[in-house]
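First comes the structure, then the notes that go with it.
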Amino acid sequence: MDFTSLDNLTTIKNFKAKRASSYDLTGGNADSISIKGNEEKVIANIDGPGKIKHIWCTIFGPWGPLDDRNFDIHALRNTLIKIYWDNEQFPSIECPIGDFFGLGHGKAYTYQCAIFSTSCNEAVSGQTNPRVAMNCWLPMPFLKNAKIVIKNEQKKNISMYFYIDYEKHNSLPKDSVYLHAQFKRINPLTPVISDGKNLSDKDNYVILEAKGRGHYIGTNMSINNLGGCWWGEGDDMIFVDRDDKNSWPPDLHGTGSEDYFSHAWGC
């Protein structure tokens with residue numbers, strides 16, 4: 001669905017709605033799949049042309065008393081989602097599942113925006129607890145094939161419920177672009193400046209460096225402020241199609257990290 005206008009509901013679409021999910025094939029209520037410790041499992045393998053329109057999922061360990069549940073409380077960080085387009089060798093999306101859905105540090109929160117939403121019980125909000133519903137509405141077109149893989153990078157088993165709603169098309173526009181996402185982190189991050197000035201991008205934290213044609217959608221940035229001082233005055237700097245990477249100023253230059261995320265004064 002095009003979220004920019006409800007008028008989209010009044011137009012007939014030329015595709016077939018499809019879904020891959022973890023529903024119980026026996027007709028019962030065991031609507032999840034099990035992924036063993038250190039196991040990688042394909043949860044969807046879809047022939048194209050098509051377009052993924054919605055992913056919903058949640059993960060958890062076996063039922064029972066909290067102390068006996070066989071799951072890692074850091075499962076949102078230690079479980080990877082990998083997505084391959086058109087039979088490529090390396091994934092175009094490779095992220096911890098929590099971070100892909102906007103949950104940093106493997107912690108459960110409730111939030112929503114135009115393309116993501118998460119929901120958890122208020123009692124576990126802010127905790128490293130994997131029991132949280134995660135949604136993504138970013139459109140993801142593909143021509144030949146889409147393969148979605150979940151990799152459990154911990155020793156303990158997890159279970160996963162999921163929906164992958166997609167459209168089956170006869171053809172897609174030739175200028176369709178593919179979704180890419182990556183995860184990166186630095187610890188510790190050395191302060192760039194000591195005199196209050198920053199007139200280059202030297203030693204700045206690089207959020208993204210990419211080649212080709214496409215659209216930069218944005219980033220989810222999570223900071224563990226071990227130093228305790230205010231971190232938010234680092235300006236966002238975006239360089240586009242530069243032959244000389246050291247040229248100055250950037251094509252887009254912001255005024256501070258919190259400003260980049262449409263906030264102010266650290267709020």
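Letters A, B, ... mark the chains of the structure tokens in the order given; residue numbers begin at 1 per chain; ligand numbers begin at 1, in order shown.
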
Report task. Would you kindly return, as a PyMOL selection string, each protein, DNA or RNA residue with an atom no farther than 9 Å from any atom of region 102-109 of chain A, considering only C-alpha atoms and excluding same-chain residues fewer than 4 positions away? Result -> chain A and resi 73-78+96-98+116-122+124-132+134+219-224

Pull C-alpha atoms from the residues just selected and write them as a short mmCIF file (atom, residue, chain, number, x, y, z; two decimals), in the first residue's frame.
```cif
data_model
loop_
_atom_site.label_atom_id
_atom_site.label_comp_id
_atom_site.auth_asym_id
_atom_site.auth_seq_id
_atom_site.Cartn_x
_atom_site.Cartn_y
_atom_site.Cartn_z
CA ILE A 73 18.24 -12.31 26.55
CA HIS A 74 20.45 -10.68 23.91
CA ALA A 75 18.71 -12.51 21.06
CA LEU A 76 17.75 -9.24 19.31
CA ARG A 77 21.46 -8.56 18.76
CA ASN A 78 22.65 -12.15 18.36
CA PRO A 96 21.11 -8.08 13.79
CA ILE A 97 17.36 -8.47 13.71
CA GLY A 98 16.70 -5.92 16.44
CA PHE A 116 8.83 0.71 10.99
CA SER A 117 6.99 -0.10 14.19
CA THR A 118 7.67 -2.24 17.25
CA SER A 119 5.50 -3.16 20.22
CA CYS A 120 6.32 -4.74 23.56
CA ASN A 121 4.83 -5.14 27.02
CA GLU A 122 5.46 -2.06 29.14
CA VAL A 124 9.94 -5.21 29.49
CA SER A 125 10.40 -1.87 27.72
CA GLY A 126 14.06 -0.93 27.72
CA GLN A 127 15.19 -4.41 28.72
CA THR A 128 17.26 -6.89 26.75
CA ASN A 129 14.26 -9.12 26.21
CA PRO A 130 13.52 -10.51 22.74
CA ARG A 131 9.73 -10.68 23.20
CA VAL A 132 8.78 -7.75 21.00
CA MET A 134 8.68 -5.99 14.89
CA THR A 219 20.06 5.27 9.66
CA ASN A 220 19.28 3.93 13.11
CA MET A 221 22.06 5.09 15.46
CA SER A 222 22.43 3.70 18.97
CA ILE A 223 25.04 5.07 21.35
CA ASN A 224 26.32 3.59 24.59
#
```

Report task. Within 6 Å of Lys53 (chain A), counting only C-alpha atoms, which residues show up once you throw out same-chain ones fewer than 6 positions away? Write them as a ChimeraX atom specification, please. Result -> /A:137,139,165-166

How close does region 101-178 of chain A get to region 20-33 of chain A? List, as a tab-separated table, each residue of region 101-178 of chain A within 7 Å, its nearest atom pair and the distance in Å to one decimal, counting only C-alpha atoms.
```
residue	atom	partner	partner_atom	distance
A:Ser159	CA	A:Ile33	CA	5.5
A:Met160	CA	A:Ser32	CA	5.2
A:Tyr161	CA	A:Ser32	CA	4.6
A:Phe162	CA	A:Ser21	CA	5.4
A:Tyr163	CA	A:Ser21	CA	4.5
A:Ile164	CA	A:Ala20	CA	5.1
A:Asp165	CA	A:Ala20	CA	6.6
```

Write a file of the selected residues as a short mmCIF file (atom, residue, chain, number, x, y, z; two decimals), in the first residue's frame, keeping N, CA and C atoms.
```
data_model
loop_
_atom_site.label_atom_id
_atom_site.label_comp_id
_atom_site.auth_asym_id
_atom_site.auth_seq_id
_atom_site.Cartn_x
_atom_site.Cartn_y
_atom_site.Cartn_z
N SER A 159 12.81 -19.63 19.00
CA SER A 159 11.65 -19.86 18.15
C SER A 159 11.25 -18.53 17.54
N MET A 160 10.64 -18.61 16.37
CA MET A 160 10.32 -17.38 15.63
C MET A 160 8.96 -17.50 14.96
N TYR A 161 8.12 -16.50 15.17
CA TYR A 161 6.89 -16.31 14.39
C TYR A 161 7.18 -15.26 13.33
N PHE A 162 6.62 -15.42 12.13
CA PHE A 162 6.85 -14.39 11.10
C PHE A 162 5.75 -14.39 10.04
N TYR A 163 5.54 -13.21 9.47
CA TYR A 163 4.76 -13.00 8.26
C TYR A 163 5.69 -12.29 7.27
N ILE A 164 5.66 -12.70 6.02
CA ILE A 164 6.32 -11.96 4.94
C ILE A 164 5.28 -11.79 3.85
N ASP A 165 4.69 -10.60 3.78
CA ASP A 165 3.66 -10.31 2.79
C ASP A 165 4.32 -9.71 1.55
#
```

Query - Shell of 9 Å around region 240-252 of chain A, only C-alpha atoms, local chain residues under 5 positions omitted, as a VMD selection string - result: chain A and resid 199 to 202 211

Written file, previous selection with C-alpha atoms, as a CSV table (one decimal), in the first residue's frame:
```
chain,number,residue,atom,x,y,z
A,199,LEU,CA,36.9,21.5,9.2
A,200,SER,CA,37.2,18.1,7.5
A,201,ASP,CA,35.7,14.6,7.6
A,202,LYS,CA,39.0,13.1,8.9
A,211,LYS,CA,28.7,3.3,-4.9
```

**Report entry** Proximity to Ile59 (chain A) - best of A:Asp47, A:Leu80, A:Val42, A:Asn225, only C-alpha atoms
**Finding:**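 Under the stated criterion, the closest residue is A:Leu80.
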
Query raised in the report: Residues of region 22-255 of chain A in strand (DSSP E or B) according to DSSP, as a PyMOL selection string?
Result: chain A and resi 33-35+40-47+50-60+79-85+93-96+111-112+116-119+133-136+140-142+145-152+158-168+181-182+237-238+252-253

Just to be explicit: take each residue in the selection above, keep C-alpha atoms, and write the result as an mmCIF file, in the first residue's frame.
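selection07.cif was written with the following content:
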```
data_model
loop_
_atom_site.group_PDB
_atom_site.id
_atom_site.type_symbol
_atom_site.label_atom_id
_atom_site.label_comp_id
_atom_site.auth_asym_id
_atom_site.auth_seq_id
_atom_site.Cartn_x
_atom_site.Cartn_y
_atom_site.Cartn_z
ATOM 1 C CA ILE A 33 9.665 -22.331 13.674
ATOM 2 C CA SER A 34 12.592 -23.459 15.790
ATOM 3 C CA ILE A 35 16.132 -22.322 15.008
ATOM 4 C CA GLU A 40 21.045 -20.708 9.802
ATOM 5 C CA LYS A 41 17.565 -21.237 8.374
ATOM 6 C CA VAL A 42 15.861 -20.025 5.185
ATOM 7 C CA ILE A 43 12.418 -18.687 6.133
ATOM 8 C CA ALA A 44 11.371 -17.549 2.633
ATOM 9 C CA ASN A 45 12.519 -18.325 -0.897
ATOM 10 C CA ILE A 46 10.329 -16.407 -3.336
ATOM 11 C CA ASP A 47 10.432 -16.387 -7.133
ATOM 12 C CA GLY A 50 7.816 -9.503 -6.951
ATOM 13 C CA LYS A 51 7.895 -6.981 -4.167
ATOM 14 C CA ILE A 52 7.988 -7.600 -0.418
ATOM 15 C CA LYS A 53 5.674 -5.085 1.240
ATOM 16 C CA HIS A 54 5.595 -6.072 4.919
ATOM 17 C CA ILE A 55 7.656 -8.152 7.335
ATOM 18 C CA TRP A 56 6.371 -8.938 10.840
ATOM 19 C CA CYS A 57 8.205 -11.167 13.285
ATOM 20 C CA THR A 58 8.864 -11.941 16.932
ATOM 21 C CA ILE A 59 11.311 -14.331 18.576
ATOM 22 C CA PHE A 60 11.367 -16.092 21.934
ATOM 23 C CA THR A 79 20.096 -13.161 15.722
ATOM 24 C CA LEU A 80 20.834 -11.987 12.172
ATOM 25 C CA ILE A 81 18.450 -11.310 9.302
ATOM 26 C CA LYS A 82 20.009 -11.743 5.864
ATOM 27 C CA ILE A 83 18.247 -11.029 2.569
ATOM 28 C CA TYR A 84 19.541 -11.985 -0.869
ATOM 29 C CA TRP A 85 18.183 -10.535 -4.119
ATOM 30 C CA ILE A 93 20.838 -6.940 3.882
ATOM 31 C CA GLU A 94 22.793 -8.325 6.821
ATOM 32 C CA CYS A 95 21.915 -6.966 10.269
ATOM 33 C CA PRO A 96 21.112 -8.076 13.788
ATOM 34 C CA TYR A 111 7.872 3.010 18.738
ATOM 35 C CA GLN A 112 6.422 3.753 15.325
ATOM 36 C CA PHE A 116 8.826 0.706 10.990
ATOM 37 C CA SER A 117 6.990 -0.098 14.193
ATOM 38 C CA THR A 118 7.671 -2.237 17.250
ATOM 39 C CA SER A 119 5.504 -3.160 20.222
ATOM 40 C CA ALA A 133 6.706 -7.478 17.805
ATOM 41 C CA MET A 134 8.676 -5.985 14.894
ATOM 42 C CA ASN A 135 7.278 -4.591 11.626
ATOM 43 C CA CYS A 136 8.832 -3.202 8.446
ATOM 44 C CA MET A 140 11.536 -4.435 -1.466
ATOM 45 C CA PRO A 141 11.334 -5.246 -5.203
ATOM 46 C CA PHE A 142 13.186 -8.115 -6.845
ATOM 47 C CA ASN A 145 14.323 -14.279 -6.491
ATOM 48 C CA ALA A 146 14.208 -13.134 -2.858
ATOM 49 C CA LYS A 147 15.702 -15.286 -0.119
ATOM 50 C CA ILE A 148 15.364 -14.403 3.567
ATOM 51 C CA VAL A 149 17.613 -16.171 6.053
ATOM 52 C CA ILE A 150 17.667 -16.059 9.858
ATOM 53 C CA LYS A 151 20.959 -16.951 11.543
ATOM 54 C CA ASN A 152 21.008 -17.782 15.235
ATOM 55 C CA ILE A 158 15.145 -19.688 19.622
ATOM 56 C CA SER A 159 11.654 -19.862 18.146
ATOM 57 C CA MET A 160 10.317 -17.384 15.634
ATOM 58 C CA TYR A 161 6.891 -16.309 14.393
ATOM 59 C CA PHE A 162 6.847 -14.387 11.103
ATOM 60 C CA TYR A 163 4.761 -12.996 8.257
ATOM 61 C CA ILE A 164 6.322 -11.964 4.942
ATOM 62 C CA ASP A 165 3.662 -10.305 2.790
ATOM 63 C CA TYR A 166 4.603 -9.774 -0.833
ATOM 64 C CA GLU A 167 3.219 -9.034 -4.280
ATOM 65 C CA LYS A 168 3.657 -11.327 -7.276
ATOM 66 C CA ALA A 181 21.073 -2.426 4.835
ATOM 67 C CA GLN A 182 24.204 -3.029 6.874
ATOM 68 C CA MET A 237 28.191 15.408 6.607
ATOM 69 C CA ILE A 238 27.124 13.872 3.286
ATOM 70 C CA LEU A 252 24.945 18.425 2.791
ATOM 71 C CA HIS A 253 26.234 19.693 6.129
#
```

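Nearest residue to Gly196 (chain A) among A:Glu39, A:Glu233, A:Asp175, A:Asp259 is A:Glu233, counting only C-alpha atoms.
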